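What follows is start_10.cif (mmCIF, C-alpha atoms and all ligand atoms).
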```
data_coords
loop_
_atom_site.group_PDB
_atom_site.id
_atom_site.type_symbol
_atom_site.label_atom_id
_atom_site.label_comp_id
_atom_site.auth_asym_id
_atom_site.auth_seq_id
_atom_site.Cartn_x
_atom_site.Cartn_y
_atom_site.Cartn_z
ATOM 1 C CA MET L 1 113.775 112.511 148.072
ATOM 2 C CA THR L 2 114.474 108.768 148.417
ATOM 3 C CA GLU L 3 112.905 105.946 146.421
ATOM 4 C CA ASP L 4 110.773 105.229 149.488
ATOM 5 C CA ASN L 5 108.978 108.532 149.234
ATOM 6 C CA ALA L 6 109.080 108.910 145.447
ATOM 7 C CA LYS L 7 105.290 108.770 145.610
ATOM 8 C CA ASP L 8 105.550 112.239 147.159
ATOM 9 C CA ARG L 9 106.781 113.639 143.833
ATOM 10 C CA ILE L 10 104.431 116.449 142.817
ATOM 11 C CA ARG L 11 103.749 118.517 139.744
ATOM 12 C CA VAL L 12 103.631 122.250 140.441
ATOM 13 C CA ALA L 13 102.290 124.885 138.058
ATOM 14 C CA VAL L 14 103.839 128.301 138.642
ATOM 15 C CA VAL L 15 101.574 131.132 137.471
ATOM 16 C CA ILE L 16 103.400 134.346 136.546
ATOM 17 C CA GLY L 17 100.901 137.057 137.435
ATOM 18 C CA SER L 18 102.298 140.163 135.730
ATOM 19 C CA VAL L 19 101.840 140.689 131.991
ATOM 20 C CA ARG L 20 103.569 144.083 131.783
ATOM 21 C CA ARG L 21 106.518 144.898 129.539
ATOM 22 C CA PRO L 22 109.057 145.351 130.966
ATOM 23 C CA ARG L 23 108.293 143.676 134.242
ATOM 24 C CA MET L 24 109.976 142.716 137.476
ATOM 25 C CA ALA L 25 108.356 139.317 137.022
ATOM 26 C CA ASP L 26 111.017 138.325 134.459
ATOM 27 C CA PRO L 27 114.050 138.154 136.778
ATOM 28 C CA LEU L 28 111.857 136.826 139.596
ATOM 29 C CA ALA L 29 110.364 134.048 137.459
ATOM 30 C CA ALA L 30 113.842 133.067 136.262
ATOM 31 C CA TRP L 31 115.063 132.915 139.864
ATOM 32 C CA LEU L 32 111.989 130.989 141.015
ATOM 33 C CA GLU L 33 112.290 128.449 138.213
ATOM 34 C CA ARG L 34 115.971 127.904 139.098
ATOM 35 C CA GLU L 35 115.109 127.396 142.773
ATOM 36 C CA LEU L 36 112.127 125.116 142.206
ATOM 37 C CA THR L 37 113.774 122.880 139.630
ATOM 38 C CA ALA L 38 116.599 122.339 142.128
ATOM 39 C CA ILE L 39 114.159 120.926 144.708
ATOM 40 C CA ASP L 40 114.022 117.150 144.701
ATOM 41 C CA GLY L 41 110.698 115.626 143.756
ATOM 42 C CA LEU L 42 109.154 118.619 141.989
ATOM 43 C CA ASP L 43 108.075 118.786 138.357
ATOM 44 C CA VAL L 44 107.728 122.454 137.498
ATOM 45 C CA ASP L 45 105.515 123.962 134.798
ATOM 46 C CA MET L 46 105.988 127.724 134.339
ATOM 47 C CA ILE L 47 102.776 129.353 133.075
ATOM 48 C CA ASP L 48 103.338 132.902 131.852
ATOM 49 C CA LEU L 49 100.010 134.725 131.640
ATOM 50 C CA ALA L 50 101.588 137.180 129.171
ATOM 51 C CA ALA L 51 101.791 134.273 126.700
ATOM 52 C CA VAL L 52 98.343 132.820 127.337
ATOM 53 C CA PRO L 53 95.337 134.379 125.554
ATOM 54 C CA LEU L 54 92.407 134.384 127.988
ATOM 55 C CA PRO L 55 90.062 137.078 126.627
ATOM 56 C CA MET L 56 87.753 138.318 129.361
ATOM 57 C CA HIS L 57 84.704 138.402 127.068
ATOM 58 C CA GLU L 58 84.969 134.623 126.501
ATOM 59 C CA MET L 59 84.907 133.722 130.189
ATOM 60 C CA ARG L 60 82.012 131.569 131.434
ATOM 61 C CA PRO L 61 80.911 130.759 134.975
ATOM 62 C CA GLY L 62 82.534 127.546 136.147
ATOM 63 C CA GLY L 63 85.424 127.807 133.740
ATOM 64 C CA ALA L 64 85.695 127.631 129.979
ATOM 65 C CA ALA L 65 86.494 124.508 127.974
ATOM 66 C CA ALA L 66 88.436 126.563 125.443
ATOM 67 C CA SER L 67 91.171 127.527 127.882
ATOM 68 C CA PRO L 68 94.593 126.858 126.352
ATOM 69 C CA ILE L 69 96.007 126.016 129.782
ATOM 70 C CA ALA L 70 93.145 123.998 131.305
ATOM 71 C CA GLY L 71 95.070 120.763 130.726
ATOM 72 C CA ARG L 72 98.259 122.084 132.334
ATOM 73 C CA LEU L 73 96.350 123.352 135.366
ATOM 74 C CA ALA L 74 94.408 120.085 135.645
ATOM 75 C CA GLU L 75 97.650 118.065 135.641
ATOM 76 C CA ALA L 76 99.140 120.075 138.502
ATOM 77 C CA ASP L 77 99.042 118.777 142.078
ATOM 78 C CA GLY L 78 99.485 122.313 143.388
ATOM 79 C CA PHE L 79 100.155 125.892 142.382
ATOM 80 C CA VAL L 80 102.553 128.728 143.097
ATOM 81 C CA PHE L 81 101.344 132.216 142.218
ATOM 82 C CA LEU L 82 104.145 134.698 141.556
ATOM 83 C CA THR L 83 102.175 137.885 142.077
ATOM 84 C CA PRO L 84 102.995 141.573 142.331
ATOM 85 C CA GLU L 85 100.830 143.979 144.303
ATOM 86 C CA TYR L 86 98.942 146.625 142.338
ATOM 87 C CA ASN L 87 96.930 149.211 144.286
ATOM 88 C CA HIS L 88 96.839 147.097 147.430
ATOM 89 C CA SER L 89 95.593 144.004 145.613
ATOM 90 C CA PHE L 90 96.597 141.412 143.001
ATOM 91 C CA PRO L 91 96.719 142.252 139.269
ATOM 92 C CA ALA L 92 93.700 141.770 137.007
ATOM 93 C CA PRO L 93 95.313 138.959 134.939
ATOM 94 C CA VAL L 94 95.596 136.888 138.122
ATOM 95 C CA LYS L 95 91.853 137.183 138.784
ATOM 96 C CA ASN L 96 91.187 136.486 135.130
ATOM 97 C CA VAL L 97 93.092 133.177 135.090
ATOM 98 C CA ILE L 98 91.387 132.131 138.313
ATOM 99 C CA ASP L 99 87.920 132.937 136.943
ATOM 100 C CA TRP L 100 88.564 131.250 133.611
ATOM 101 C CA HIS L 101 88.961 127.901 135.394
ATOM 102 C CA PHE L 102 87.120 126.049 138.122
ATOM 103 C CA THR L 103 87.598 122.300 138.615
ATOM 104 C CA GLU L 104 91.301 122.681 137.775
ATOM 105 C CA TRP L 105 91.890 124.341 141.184
ATOM 106 C CA ALA L 106 89.717 122.066 143.290
ATOM 107 C CA TYR L 107 91.179 120.182 146.255
ATOM 108 C CA LYS L 108 94.681 121.448 145.538
ATOM 109 C CA PRO L 109 97.012 123.723 147.518
ATOM 110 C CA VAL L 110 98.035 127.199 146.384
ATOM 111 C CA ALA L 111 101.236 128.910 147.568
ATOM 112 C CA PHE L 112 102.367 132.485 146.988
ATOM 113 C CA VAL L 113 105.509 134.367 146.126
ATOM 114 C CA GLY L 114 104.507 138.010 146.449
ATOM 115 C CA TYR L 115 106.516 141.090 145.567
ATOM 116 C CA GLY L 116 106.245 144.860 145.303
ATOM 117 C CA GLY L 117 107.062 147.938 147.326
ATOM 118 C CA SER L 118 105.671 146.209 150.432
ATOM 119 C CA GLY L 119 106.471 142.632 149.411
ATOM 120 C CA GLY L 120 103.053 141.889 147.943
ATOM 121 C CA ILE L 121 101.481 141.035 151.297
ATOM 122 C CA ARG L 122 98.104 142.646 150.480
ATOM 123 C CA ALA L 123 97.912 140.841 147.111
ATOM 124 C CA VAL L 124 98.653 137.540 148.830
ATOM 125 C CA GLU L 125 96.183 138.044 151.674
ATOM 126 C CA GLN L 126 93.416 139.016 149.256
ATOM 127 C CA LEU L 127 94.053 135.926 147.148
ATOM 128 C CA ARG L 128 93.509 133.844 150.276
ATOM 129 C CA THR L 129 89.901 135.053 150.331
ATOM 130 C CA VAL L 130 89.321 133.969 146.699
ATOM 131 C CA PHE L 131 90.555 130.377 146.579
ATOM 132 C CA PRO L 132 88.065 128.729 148.961
ATOM 133 C CA GLU L 133 85.357 129.482 146.380
ATOM 134 C CA LEU L 134 87.309 127.234 143.996
ATOM 135 C CA ARG L 135 87.671 124.562 146.735
ATOM 136 C CA ALA L 136 91.403 125.226 146.818
ATOM 137 C CA THR L 137 93.387 125.665 150.015
ATOM 138 C CA THR L 138 96.155 128.218 150.511
ATOM 139 C CA VAL L 139 99.318 127.342 152.411
ATOM 140 C CA ARG L 140 100.294 129.339 155.487
ATOM 141 C CA GLU L 141 103.957 129.793 154.587
ATOM 142 C CA SER L 142 104.780 132.279 151.839
ATOM 143 C CA VAL L 143 107.615 134.231 150.263
ATOM 144 C CA LEU L 144 107.359 138.026 150.299
ATOM 145 C CA LEU L 145 109.892 140.100 148.374
ATOM 146 C CA PRO L 146 109.864 143.834 149.229
ATOM 147 C CA MET L 147 111.496 146.095 146.624
ATOM 148 C CA PRO L 148 113.037 143.217 144.639
ATOM 149 C CA TRP L 149 114.489 145.681 142.127
ATOM 150 C CA GLU L 150 117.085 146.490 144.807
ATOM 151 C CA HIS L 151 118.362 142.897 144.594
ATOM 152 C CA LEU L 152 119.386 142.658 140.944
ATOM 153 C CA ASP L 153 122.995 141.959 139.988
ATOM 154 C CA VAL L 154 124.815 143.728 137.149
ATOM 155 C CA GLU L 155 123.295 141.319 134.651
ATOM 156 C CA GLY L 156 119.779 141.974 135.934
ATOM 157 C CA ARG L 157 119.452 138.648 137.729
ATOM 158 C CA PHE L 158 117.572 138.526 141.011
ATOM 159 C CA VAL L 159 119.810 137.716 143.971
ATOM 160 C CA ALA L 160 117.546 136.647 146.795
ATOM 161 C CA PRO L 161 118.103 138.443 150.120
ATOM 162 C CA PRO L 162 118.929 136.453 153.278
ATOM 163 C CA GLY L 163 116.044 134.358 154.574
ATOM 164 C CA THR L 164 114.384 133.949 151.182
ATOM 165 C CA ALA L 165 115.675 130.421 150.560
ATOM 166 C CA GLN L 166 114.387 129.302 153.967
ATOM 167 C CA ALA L 167 110.977 130.881 153.332
ATOM 168 C CA LEU L 168 110.734 129.243 149.905
ATOM 169 C CA GLY L 169 111.810 125.877 151.311
ATOM 170 C CA ALA L 170 109.173 126.018 154.047
ATOM 171 C CA THR L 171 106.521 127.131 151.562
ATOM 172 C CA MET L 172 107.263 124.304 149.151
ATOM 173 C CA GLU L 173 107.380 121.678 151.892
ATOM 174 C CA GLU L 174 103.943 122.785 153.066
ATOM 175 C CA LEU L 175 102.663 122.787 149.486
ATOM 176 C CA ARG L 176 103.977 119.235 149.044
ATOM 177 C CA THR L 177 102.346 118.080 152.286
ATOM 178 C CA TRP L 178 98.954 119.377 151.184
ATOM 179 C CA ALA L 179 99.365 118.185 147.581
ATOM 180 C CA VAL L 180 100.124 114.620 148.669
ATOM 181 C CA ALA L 181 97.426 114.627 151.363
ATOM 182 C CA LEU L 182 94.760 115.791 148.921
ATOM 183 C CA ARG L 183 95.601 113.270 146.169
ATOM 184 C CA PRO L 184 93.281 110.561 147.524
ATOM 185 C CA VAL L 185 90.545 113.139 147.934
ATOM 186 C CA ARG L 186 90.799 114.077 144.260
ATOM 187 C CA ALA L 187 91.027 110.433 143.211
ATOM 188 C CA GLY L 188 87.906 109.635 145.234
ATOM 189 C CA LEU L 189 85.973 112.447 143.619
ATOM 190 C CA ALA L 190 87.153 111.445 140.118
ATOM 191 C CA ALA L 191 86.029 107.844 140.771
ATOM 192 C CA ARG L 192 82.534 109.056 141.640
ATOM 193 C CA THR L 193 82.076 111.058 138.416
HETATM 194 C C1 LIG P 201 99.470 149.873 138.700
HETATM 195 C C2 LIG P 201 100.466 149.603 139.806
HETATM 196 C C3 LIG P 201 100.080 149.731 141.125
HETATM 197 C C4 LIG P 201 100.973 149.438 142.152
HETATM 198 N N1 LIG P 201 100.543 149.503 143.445
HETATM 199 C C5 LIG P 201 101.357 149.056 144.425
HETATM 200 C C6 LIG P 201 100.872 148.954 145.748
HETATM 201 O O1 LIG P 201 99.725 149.235 146.056
HETATM 202 N N2 LIG P 201 101.700 148.503 146.715
HETATM 203 C C7 LIG P 201 103.002 148.131 146.429
HETATM 204 O O2 LIG P 201 103.721 147.714 147.345
HETATM 205 N N3 LIG P 201 103.507 148.230 145.171
HETATM 206 C C8 LIG P 201 102.705 148.677 144.177
HETATM 207 N N4 LIG P 201 103.165 148.772 142.883
HETATM 208 C C9 LIG P 201 104.565 148.409 142.629
HETATM 209 C C10 LIG P 201 104.670 147.015 142.055
HETATM 210 O O3 LIG P 201 104.289 146.023 142.968
HETATM 211 C C11 LIG P 201 106.103 146.775 141.611
HETATM 212 O O4 LIG P 201 106.446 147.731 140.652
HETATM 213 C C12 LIG P 201 106.265 145.388 141.022
HETATM 214 O O5 LIG P 201 107.613 145.162 140.805
HETATM 215 C C13 LIG P 201 105.478 145.241 139.728
HETATM 216 O O6 LIG P 201 105.705 143.984 139.190
HETATM 217 P P1 LIG P 201 105.811 143.751 137.594
HETATM 218 O O7 LIG P 201 106.849 144.727 137.076
HETATM 219 O O8 LIG P 201 106.288 142.324 137.469
HETATM 220 O O9 LIG P 201 104.464 143.986 137.035
HETATM 221 C C14 LIG P 201 102.310 149.072 141.850
HETATM 222 C C15 LIG P 201 102.694 148.985 140.490
HETATM 223 C C16 LIG P 201 101.781 149.221 139.483
HETATM 224 C C17 LIG P 201 102.204 149.078 138.043
#
```

Could I get this structure in the form of structure tokens?
Amino acid sequence: MTEDNAKDRIRVAVVIGSVRRPRMADPLAAWLERELTAIDGLDVDMIDLAAVPLPMHEMRPGGAAASPIAGRLAEADGFVFLTPEYNHSFPAPVKNVIDWHFTEWAYKPVAFVGYGGSGGIRAVEQLRTVFPELRATTVRESVLLPMPWEHLDVEGRFVAPPGTAQALGATMEELRTWAVALRPVRAGLAART
């Protein structure tokens, strides 16, 4: 990123969708954070749903003011969901964090890093049907990681298989394109309210 396009700097919130202990999400989130912080022009905020209390009984339609992460989501220009696949869909905590919020997602792009036995493709595709209701757009490119537990080194760190870096690069470039393009849309809406 040059000074000329420094205005294309974006803030990305990464939502870690598994809250299990232990979980594959740990080495994957560590890898993803390393990769994303190395990309020029990205400010990365890792949001671990395991550390965020969002009790389902307190949820309200249209989002809840009491959310401890509403501010962090609102500040983001775009999102990356790191999501496993459970029973051919995405995990309940992912739906919960989506439902807890509303305006925070609006007119922003959402990208996916899916994983699981089959790479998380069914979780990702089902999430694509959810986000339009929040006025969010999902990016075409994605990263799918089948059987990531087969790509851990002796210290338990995820070593991405060939092609992953290219897929992540393409995904993040598309996310940036949408995030920058939608900024004036969000600014226009904010000016009207
Ligand atoms: C309840 C449950 C259901 C699962 N169902 C699927 C599935 O339908 N398809 C798949 O590919 N993997 C499935 N898996 C495997 C997970 O995607 C895989 O274990 C993943 O690494 C879990 O991520 P986590 O450890 O970060 O929660 C399932 C795992 C769990 C716990």

For this session: Enumerate, as an MDAnalysis selection string, the residues matched when the PyMOL selection byres (((not hetatm)) within 9 of (chain P and resi 201)) is run on the file above.
Result: chainID L and resid 16:28 82:91 114:123 146:149

For this session: For each of L:Ala76, L:Val110, L:Val139, L:Val12, take the minimum atom-to-atom distance to Glu174 (chain L), counting all atoms listed in the file, then give the residue where this is smallest.
Result: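 Closest to Glu174 (chain L) of all the choices is L:Val139.
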
Exercise. Near region 94-104 of chain L, within 9 Å and counting only C-alpha atoms, which residues show up once chain neighbours fewer than 5 positions away are dropped, as a PyMOL selection string?
Worked result: chain L and resi 15-18+49+54-56+58-65+67+70-76+81+83+127+130-131+134-135

Quick one: everything within 12 Å of Ile10 (chain L), counting all atoms listed in the file, minus sequence neighbours fewer than 5 positions away in the same chain. Send it as a compact mmCIF listing (two decimals) with C-alpha atoms, in the coordinates of the input.
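Final file, part-v1.txt:
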```txt
# COMPACT_ATOMS: atom_id res chain seq x y z
CA MET L 1 113.78 112.51 148.07
CA ASN L 5 108.98 108.53 149.23
CA LEU L 36 112.13 125.12 142.21
CA THR L 37 113.77 122.88 139.63
CA ILE L 39 114.16 120.93 144.71
CA ASP L 40 114.02 117.15 144.70
CA GLY L 41 110.70 115.63 143.76
CA LEU L 42 109.15 118.62 141.99
CA ASP L 43 108.08 118.79 138.36
CA VAL L 44 107.73 122.45 137.50
CA ASP L 45 105.52 123.96 134.80
CA GLU L 75 97.65 118.06 135.64
CA ALA L 76 99.14 120.08 138.50
CA ASP L 77 99.04 118.78 142.08
CA GLY L 78 99.48 122.31 143.39
CA PHE L 79 100.16 125.89 142.38
CA LYS L 108 94.68 121.45 145.54
CA PRO L 109 97.01 123.72 147.52
CA MET L 172 107.26 124.30 149.15
CA GLU L 173 107.38 121.68 151.89
CA LEU L 175 102.66 122.79 149.49
CA ARG L 176 103.98 119.24 149.04
CA THR L 177 102.35 118.08 152.29
CA TRP L 178 98.95 119.38 151.18
CA ALA L 179 99.36 118.18 147.58
CA VAL L 180 100.12 114.62 148.67
CA ALA L 181 97.43 114.63 151.36
CA LEU L 182 94.76 115.79 148.92
CA ARG L 183 95.60 113.27 146.17
```

For this session: Please indicate the distance in Å from CA of Phe112 (chain L) to CA of Val143 (chain L), rounded to one decimal place.
Result: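 Interatomic distance here is 6.4 Å.
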
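Proximity ranking of L:Pro93, L:Pro53, L:Gly169, L:Pro132 relative to Tyr107 (chain L) places L:Pro132 first, based on all atoms listed in the file.
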
For this session: May I ask for the distance between CA of Pro161 (chain L) and CA of Ser142 (chain L), given in Å to one decimal place?
Result: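 If I compute the distance from CA of Pro161 (chain L) to CA of Ser142 (chain L), I get 14.8 Å.
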
Starting from the sparse input, extend region 74-86 of chain L to N, CA and C atoms and give the output as a tab-separated table (two decimals), keeping the file's coordinate frame.
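Generated output (out01.tsv):
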```tsv
chain	number	residue	atom	x	y	z
L	74	ALA	N	95.03	121.33	135.15
L	74	ALA	CA	94.41	120.08	135.65
L	74	ALA	C	95.47	119.06	136.05
L	75	GLU	N	96.58	119.04	135.34
L	75	GLU	CA	97.65	118.06	135.64
L	75	GLU	C	98.40	118.40	136.91
L	76	ALA	N	98.35	119.65	137.35
L	76	ALA	CA	99.14	120.08	138.50
L	76	ALA	C	98.56	119.53	139.80
L	77	ASP	N	99.46	119.18	140.73
L	77	ASP	CA	99.04	118.78	142.08
L	77	ASP	C	98.92	120.00	142.99
L	78	GLY	N	99.52	121.10	142.58
L	78	GLY	CA	99.48	122.31	143.39
L	78	GLY	C	100.00	123.48	142.57
L	79	PHE	N	99.84	124.67	143.13
L	79	PHE	CA	100.16	125.89	142.38
L	79	PHE	C	101.01	126.85	143.21
L	80	VAL	N	101.86	127.59	142.49
L	80	VAL	CA	102.55	128.73	143.10
L	80	VAL	C	102.19	129.95	142.26
L	81	PHE	N	101.64	130.96	142.91
L	81	PHE	CA	101.34	132.22	142.22
L	81	PHE	C	102.47	133.21	142.51
L	82	LEU	N	103.15	133.63	141.44
L	82	LEU	CA	104.14	134.70	141.56
L	82	LEU	C	103.39	135.99	141.25
L	83	THR	N	103.07	136.74	142.30
L	83	THR	CA	102.18	137.88	142.08
L	83	THR	C	102.73	139.19	142.63
L	84	PRO	N	102.70	140.25	141.79
L	84	PRO	CA	103.00	141.57	142.33
L	84	PRO	C	101.76	142.14	143.02
L	85	GLU	N	101.96	143.25	143.71
L	85	GLU	CA	100.83	143.98	144.30
L	85	GLU	C	100.60	145.24	143.48
L	86	TYR	N	99.35	145.40	143.02
L	86	TYR	CA	98.94	146.62	142.34
L	86	TYR	C	97.81	147.25	143.15
```
